[in-house]
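> The file below is query35.cif, mmCIF, C-alpha atoms:
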```cif
data_structure
loop_
_atom_site.label_atom_id
_atom_site.label_comp_id
_atom_site.auth_asym_id
_atom_site.auth_seq_id
_atom_site.Cartn_x
_atom_site.Cartn_y
_atom_site.Cartn_z
CA MET A 1 69.52 133.38 190.85
CA ALA A 2 72.89 134.25 189.39
CA TYR A 3 75.56 135.69 191.65
CA GLY A 4 78.93 137.21 190.93
CA SER A 5 80.86 136.44 194.11
CA GLY A 6 80.89 134.33 197.23
CA VAL A 7 79.80 137.35 199.28
CA MET A 8 76.81 137.86 197.00
CA ARG A 9 75.90 134.15 197.17
CA THR A 10 75.96 134.28 200.96
CA GLU A 11 73.87 137.46 201.04
CA LEU A 12 71.32 135.83 198.71
CA MET A 13 71.09 132.82 201.03
CA LEU A 14 70.69 135.05 204.10
CA LEU A 15 67.99 137.11 202.40
CA ASP A 16 66.24 133.96 201.19
CA ARG A 17 66.21 132.67 204.77
CA ASP A 18 64.86 135.96 206.21
CA PRO A 19 61.08 135.73 206.76
CA ALA A 20 60.74 139.51 206.28
CA VAL A 21 61.92 139.20 202.65
CA VAL A 22 59.13 138.48 200.16
CA ALA A 23 61.00 139.02 196.87
CA LEU A 24 64.56 139.26 195.56
CA VAL A 25 65.94 140.65 192.32
CA CYS A 26 69.42 141.25 190.89
CA ARG A 27 70.43 144.67 189.55
CA PRO A 28 66.91 146.12 189.88
CA VAL A 29 67.69 149.73 189.09
CA GLU A 30 70.50 151.94 187.87
CA LEU A 31 71.04 155.27 189.55
CA VAL A 32 72.62 158.00 187.44
CA TRP A 33 73.94 161.32 188.76
CA ARG A 34 76.43 164.06 187.98
CA GLU A 35 79.72 164.47 189.76
CA GLU A 36 81.34 167.69 188.62
CA SER A 37 81.39 167.47 184.81
CA LYS A 38 80.84 163.73 184.36
CA VAL A 39 77.86 161.42 184.57
CA VAL A 40 78.20 158.55 187.04
CA GLY A 41 75.98 155.51 187.31
CA HIS A 42 75.65 152.59 189.66
CA ALA A 43 73.32 149.59 189.78
CA PRO A 44 73.09 148.02 193.25
CA GLN A 45 73.63 144.28 193.04
CA LEU A 46 70.50 143.16 194.88
CA MET A 47 67.12 144.41 196.03
CA ALA A 48 64.90 142.73 198.55
CA ARG A 49 61.24 143.66 198.88
CA LEU A 50 60.21 143.39 202.53
CA GLN A 51 56.86 142.37 204.05
CA ASP A 52 56.18 145.91 205.21
CA GLY A 53 56.40 147.15 201.59
CA SER A 54 59.81 148.77 201.97
CA GLY A 55 62.92 147.75 200.12
CA LEU A 56 66.55 147.01 200.79
CA LEU A 57 69.22 147.77 198.21
CA LEU A 58 72.43 145.85 198.71
CA ASP A 59 75.93 145.83 197.27
CA CYS A 60 78.57 143.25 198.09
CA ALA A 61 82.20 144.15 198.66
CA GLY A 62 84.92 141.67 197.79
CA ARG A 63 87.10 139.74 200.20
CA SER A 64 89.34 142.74 200.78
CA GLY A 65 86.40 145.05 201.52
CA PRO A 66 84.90 147.84 199.44
CA SER A 67 87.01 149.72 196.95
CA ALA A 68 87.21 153.51 197.31
CA ARG A 69 84.99 153.80 194.22
CA LEU A 70 82.31 151.49 195.65
CA ALA A 71 82.45 153.21 199.04
CA ALA A 72 81.86 156.61 197.38
CA ARG A 73 78.99 155.28 195.29
CA ALA A 74 77.52 153.53 198.33
CA ARG A 75 77.06 156.89 200.05
CA VAL A 76 75.03 158.19 197.07
CA VAL A 77 72.96 155.00 196.85
CA ALA A 78 72.28 155.10 200.60
CA ASP A 79 70.96 158.66 200.30
CA ALA A 80 68.77 157.72 197.30
CA ALA A 81 67.42 154.66 199.11
CA LYS A 82 66.60 156.75 202.17
CA ALA A 83 64.76 159.28 199.99
CA ALA A 84 62.65 156.42 198.56
CA GLY A 85 61.87 155.06 202.05
CA TRP A 86 64.17 152.09 201.57
CA SER A 87 67.41 151.07 203.20
CA TYR A 88 70.82 150.30 201.78
CA ARG A 89 73.58 148.00 202.96
CA LEU A 90 77.11 147.47 201.74
CA ALA A 91 77.91 143.89 202.76
CA GLY A 92 81.45 142.86 203.46
CA PRO A 93 82.90 139.38 203.61
CA PRO A 94 80.85 137.31 206.05
CA ASP A 95 82.21 135.12 208.81
CA PRO A 96 83.39 131.75 207.37
CA VAL A 97 81.52 129.78 210.04
CA LEU A 98 78.28 131.61 209.21
CA VAL A 99 78.85 130.90 205.51
CA ALA A 100 79.43 127.19 206.11
CA ASN A 101 76.36 126.86 208.33
CA VAL A 102 74.04 128.76 205.99
CA ARG A 103 75.28 126.81 202.97
CA TRP A 104 74.63 123.54 204.80
CA LEU A 105 71.12 124.55 205.87
CA ALA A 106 70.31 125.91 202.39
CA GLY A 107 70.65 122.35 201.14
CA TYR A 108 67.52 121.58 203.17
CA ARG A 109 65.42 124.56 202.10
CA HIS A 110 63.16 122.54 199.76
CA PRO A 111 59.70 121.80 201.23
CA ARG A 112 60.24 118.04 200.76
CA TYR A 113 62.37 118.17 203.92
CA ALA A 114 59.66 119.82 206.01
CA ALA A 115 58.49 117.91 209.07
CA GLY A 116 54.86 117.79 207.87
CA PRO A 117 52.88 115.74 210.38
CA ARG A 118 55.94 115.60 212.65
CA MET A 119 55.99 119.39 213.10
CA PRO A 120 54.08 119.47 216.43
CA ALA A 121 56.42 116.83 217.87
CA LEU A 122 59.45 118.67 216.50
CA VAL A 123 58.34 121.94 218.10
CA GLU A 124 57.50 120.17 221.36
CA VAL A 125 60.80 118.29 221.67
CA PHE A 126 62.77 121.55 221.25
CA ALA A 127 60.46 123.62 223.50
CA SER A 128 63.36 123.78 225.94
CA PRO A 129 66.82 124.31 224.42
CA ARG A 130 68.68 121.02 224.13
CA PRO A 131 71.37 119.25 222.10
CA ALA A 132 70.05 118.38 218.66
CA VAL A 133 71.12 114.73 218.69
CA GLU A 134 69.16 114.01 221.89
CA ALA A 135 65.94 115.36 220.43
CA VAL A 136 66.50 113.70 217.05
CA CYS A 137 66.97 110.27 218.66
CA GLU A 138 63.86 110.84 220.77
CA LEU A 139 61.78 111.64 217.67
CA GLY A 140 62.61 108.47 215.77
CA ASP A 141 64.81 107.31 212.91
CA PRO A 142 67.64 109.88 212.64
CA ILE A 143 67.82 109.37 208.85
CA ALA A 144 64.25 110.65 208.61
CA VAL A 145 64.41 113.25 211.39
CA TRP A 146 67.66 115.14 210.69
CA PRO A 147 66.45 116.59 207.34
CA ALA A 148 63.29 117.87 209.05
CA VAL A 149 65.40 119.50 211.78
CA PHE A 150 67.68 121.13 209.20
CA HIS A 151 64.66 122.39 207.24
CA ALA A 152 63.14 123.80 210.44
CA LEU A 153 66.45 125.55 211.18
CA TRP A 154 66.54 126.95 207.64
CA SER A 155 62.94 128.15 207.72
CA GLY A 156 63.19 129.71 211.18
CA VAL A 157 60.88 127.34 213.06
CA LEU A 158 63.88 126.27 215.12
CA ARG A 159 66.88 128.38 215.97
CA VAL A 160 70.55 127.83 216.59
CA ARG A 161 73.58 130.10 216.73
CA LEU A 162 74.90 130.29 213.20
CA ASP A 163 78.16 131.94 214.22
CA GLU A 164 79.29 128.69 215.86
CA PRO A 165 79.95 125.45 213.95
CA LEU A 166 76.94 123.18 213.54
CA HIS A 167 77.40 119.70 215.00
CA GLU A 168 75.19 117.00 216.48
CA ARG A 169 75.40 118.38 220.04
CA VAL A 170 74.63 121.98 219.10
CA VAL A 171 71.88 123.45 221.27
CA VAL A 172 68.65 123.97 219.35
CA SER A 173 65.46 125.66 220.50
CA VAL A 174 62.12 126.75 219.13
CA ALA A 175 62.19 130.19 217.53
CA ARG A 176 60.30 132.79 219.55
CA GLN A 177 57.48 133.40 217.03
CA GLU A 178 56.82 129.65 216.74
CA ALA A 179 56.74 129.28 220.53
CA GLU A 180 54.27 132.17 220.85
CA ALA A 181 52.01 130.63 218.18
CA ALA A 182 51.89 127.28 220.00
#
```
Can I see the file as structure tokens?

Amino acid sequence: MAYGSGVMRTELMLLDRDPAVVALVCRPVELVWREESKVVGHAPQLMARLQDGSGLLLDCAGRSGPSARLAARARVVADAAKAAGWSYRLAGPPDPVLVANVRWLAGYRHPRYAAGPRMPALVEVFASPRPAVEAVCELGDPIAVWPAVFHALWSGVLRVRLDEPLHERVVVSVARQEAEAA
């Protein structure tokens, strides 16, 4: 999907990673309204369709935050989204550590990295939170296991704090919904 800024790229990755999001589209709709004697229009940058059938409209502010024009339009779009039963978010520049972590994990989003038959062992070894490298070495050849761990972190099977730098000793655990299913 095309993106126009680093903020938008990061928001796309975060939405792609969110299990509640079932579809994404760029510039899905243009809203047009009157302000005094002139016609004003705005097309939110992204829309996510959520599992519950609702939607999320999203605009991305630049590195210096939203302009006065975007902030004013955001208020109108938020009201329109609410009237449609959707939500609206104006995303600002994300935390650089979050961006780096999500970009790294996005490189492992393809199903070829999934644990496949190793999934039960992967879930079991992280049943209690522990440093990633310990569990990886316990599971076998690190060259084969690390990609499966990164894919499981991307897909939400495993969890880790994304606001702290990823490294081999980062504490990883099974995500709550996966633990409840086991």
> Evaluating the PyMOL selection byres ((chain A and resi 77-92) around 6) on the displayed file yields which residues, as a PyMOL selection string?
chain A and resi 54-61+65+74-76+93
> Any chance you could export the current selection's C-alpha atoms as a CSV table (one decimal), in the frame of the given file?

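Final output, saved to selection.csv:
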```
chain,number,residue,atom,x,y,z
A,54,SER,CA,59.8,148.8,202.0
A,55,GLY,CA,62.9,147.8,200.1
A,56,LEU,CA,66.6,147.0,200.8
A,57,LEU,CA,69.2,147.8,198.2
A,58,LEU,CA,72.4,145.8,198.7
A,59,ASP,CA,75.9,145.8,197.3
A,60,CYS,CA,78.6,143.2,198.1
A,61,ALA,CA,82.2,144.2,198.7
A,65,GLY,CA,86.4,145.0,201.5
A,74,ALA,CA,77.5,153.5,198.3
A,75,ARG,CA,77.1,156.9,200.0
A,76,VAL,CA,75.0,158.2,197.1
A,93,PRO,CA,82.9,139.4,203.6
```
> Rank A:Tyr113, A:Trp154, A:Trp33, A:Phe126 by their smallest atom-to-atom distance to Leu139 of chain A, using all atoms listed in the file, and report the top residue only.
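Distance minimum relative to Leu139 of chain A lands on A:Phe126.
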> Check what the PyMOL selection byres ((chain A and resi 165) around 10) selects in the file above and give those residues as a ChimeraX atom specification.
/A:96-98,100-101,161-164,166-167,170
> Selection from above, C-alpha atoms, as a CSV table (one decimal), in the coordinates of the input, can you write it?

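What landed in selection_4.csv:
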```
chain,number,residue,atom,x,y,z
A,96,PRO,CA,83.4,131.8,207.4
A,97,VAL,CA,81.5,129.8,210.0
A,98,LEU,CA,78.3,131.6,209.2
A,100,ALA,CA,79.4,127.2,206.1
A,101,ASN,CA,76.4,126.9,208.3
A,161,ARG,CA,73.6,130.1,216.7
A,162,LEU,CA,74.9,130.3,213.2
A,163,ASP,CA,78.2,131.9,214.2
A,164,GLU,CA,79.3,128.7,215.9
A,166,LEU,CA,76.9,123.2,213.5
A,167,HIS,CA,77.4,119.7,215.0
A,170,VAL,CA,74.6,122.0,219.1
```
> So, counting all atoms listed in the file, which residue among A:Arg17, A:Arg109, A:His42, A:Arg27 is closest to Ala71 of chain A?
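Closest candidate: A:His42.
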> Counting all atoms listed in the file, figure out which residue out of A:Met8, A:Leu31, A:Ala152, A:Leu158 gets nearest to Gly62 of chain A.
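Selected residue with least distance to Gly62 of chain A: A:Met8.
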> Taking the block just given, write segment 16-126 of chain A to a file that holds C-alpha atoms, as a short mmCIF file (atom, residue, chain, number, x, y, z; two decimals), in the first residue's frame.

```cif
data_model
loop_
_atom_site.label_atom_id
_atom_site.label_comp_id
_atom_site.auth_asym_id
_atom_site.auth_seq_id
_atom_site.Cartn_x
_atom_site.Cartn_y
_atom_site.Cartn_z
CA ASP A 16 -1.75 -4.37 9.78
CA ARG A 17 -0.52 -5.94 13.02
CA ASP A 18 -3.81 -5.30 14.89
CA PRO A 19 -5.97 -8.46 14.92
CA ALA A 20 -9.14 -6.33 15.13
CA VAL A 21 -8.42 -4.84 11.68
CA VAL A 22 -9.80 -6.88 8.78
CA ALA A 23 -9.29 -4.42 5.90
CA LEU A 24 -7.32 -1.26 5.10
CA VAL A 25 -7.77 1.32 2.38
CA CYS A 26 -6.16 4.67 1.52
CA ARG A 27 -8.26 7.80 0.99
CA PRO A 28 -11.57 5.90 1.16
CA VAL A 29 -13.93 8.85 1.18
CA GLU A 30 -13.96 12.60 0.74
CA LEU A 31 -16.08 14.66 3.08
CA VAL A 32 -17.36 17.98 1.74
CA TRP A 33 -19.00 20.72 3.81
CA ARG A 34 -19.61 24.45 3.88
CA GLU A 35 -17.73 26.85 6.09
CA GLU A 36 -19.29 30.27 5.79
CA SER A 37 -19.36 30.99 2.04
CA LYS A 38 -16.84 28.41 0.82
CA VAL A 39 -16.91 24.68 0.23
CA VAL A 40 -14.29 22.68 2.13
CA GLY A 41 -13.32 19.08 1.55
CA HIS A 42 -11.10 16.57 3.24
CA ALA A 43 -10.23 12.94 2.50
CA PRO A 44 -8.91 11.07 5.56
CA GLN A 45 -5.69 9.27 4.70
CA LEU A 46 -6.66 5.80 5.90
CA MET A 47 -9.66 3.72 6.85
CA ALA A 48 -9.58 0.46 8.72
CA ARG A 49 -12.58 -1.87 8.77
CA LEU A 50 -12.75 -3.60 12.14
CA GLN A 51 -13.96 -7.11 13.03
CA ASP A 52 -17.05 -5.74 14.75
CA GLY A 53 -18.13 -4.05 11.49
CA SER A 54 -17.21 -0.54 12.58
CA GLY A 55 -14.60 1.63 10.96
CA LEU A 56 -11.69 3.82 11.91
CA LEU A 57 -10.79 6.89 9.87
CA LEU A 58 -7.25 8.09 10.38
CA ASP A 59 -5.14 11.07 9.40
CA CYS A 60 -1.42 11.36 10.03
CA ALA A 61 0.21 14.58 11.20
CA GLY A 62 3.78 15.35 10.21
CA ARG A 63 6.82 15.35 12.46
CA SER A 64 5.94 18.75 13.87
CA GLY A 65 2.36 17.73 14.67
CA PRO A 66 -0.90 18.71 12.99
CA SER A 67 -1.20 22.00 11.18
CA ALA A 68 -3.98 24.36 12.27
CA ARG A 69 -5.83 23.50 9.05
CA LEU A 70 -5.62 19.74 9.67
CA ALA A 71 -6.63 20.16 13.32
CA ALA A 72 -9.74 22.12 12.28
CA ARG A 73 -10.67 19.55 9.64
CA ALA A 74 -10.02 16.72 12.09
CA ARG A 75 -12.79 18.02 14.35
CA VAL A 76 -15.28 17.89 11.45
CA VAL A 77 -14.14 14.42 10.38
CA ALA A 78 -14.37 13.15 13.97
CA ASP A 79 -17.98 14.35 14.19
CA ALA A 80 -18.84 12.75 10.82
CA ALA A 81 -17.19 9.47 11.84
CA LYS A 82 -19.11 9.45 15.11
CA ALA A 83 -22.38 10.03 13.25
CA ALA A 84 -21.59 6.99 11.06
CA GLY A 85 -20.78 4.82 14.10
CA TRP A 86 -17.07 4.90 13.36
CA SER A 87 -14.12 6.43 15.14
CA TYR A 88 -11.48 8.88 14.02
CA ARG A 89 -7.88 9.36 15.07
CA LEU A 90 -5.34 12.01 14.21
CA ALA A 91 -1.99 10.25 14.62
CA GLY A 92 1.09 12.19 15.54
CA PRO A 93 4.70 11.18 15.20
CA PRO A 94 5.19 7.82 16.93
CA ASP A 95 7.94 6.95 19.37
CA PRO A 96 11.19 6.14 17.47
CA VAL A 97 11.73 2.94 19.47
CA LEU A 98 8.22 1.73 18.61
CA VAL A 99 8.85 2.53 14.94
CA ALA A 100 12.14 0.61 14.89
CA ASN A 101 10.62 -2.42 16.62
CA VAL A 102 7.52 -2.55 14.42
CA ARG A 103 9.59 -2.13 11.26
CA TRP A 104 11.84 -4.99 12.34
CA LEU A 105 8.94 -7.31 13.14
CA ALA A 106 7.12 -6.37 9.92
CA GLY A 107 10.00 -7.99 8.06
CA TYR A 108 8.77 -11.29 9.51
CA ARG A 109 5.07 -10.88 8.79
CA HIS A 110 5.04 -13.33 5.85
CA PRO A 111 3.55 -16.75 6.72
CA ARG A 112 6.76 -18.50 5.60
CA TYR A 113 8.23 -17.46 8.97
CA ALA A 114 5.40 -19.00 10.99
CA ALA A 115 6.37 -21.70 13.46
CA GLY A 116 4.08 -24.31 11.83
CA PRO A 117 4.61 -27.60 13.65
CA ARG A 118 6.81 -25.82 16.20
CA MET A 119 3.94 -23.59 17.36
CA PRO A 120 2.91 -25.72 20.39
CA ALA A 121 6.54 -25.83 21.58
CA LEU A 122 6.92 -22.09 20.96
CA VAL A 123 3.81 -21.32 23.01
CA GLU A 124 4.88 -23.73 25.75
CA VAL A 125 8.44 -22.39 26.09
CA PHE A 126 7.12 -18.82 26.54
#
```
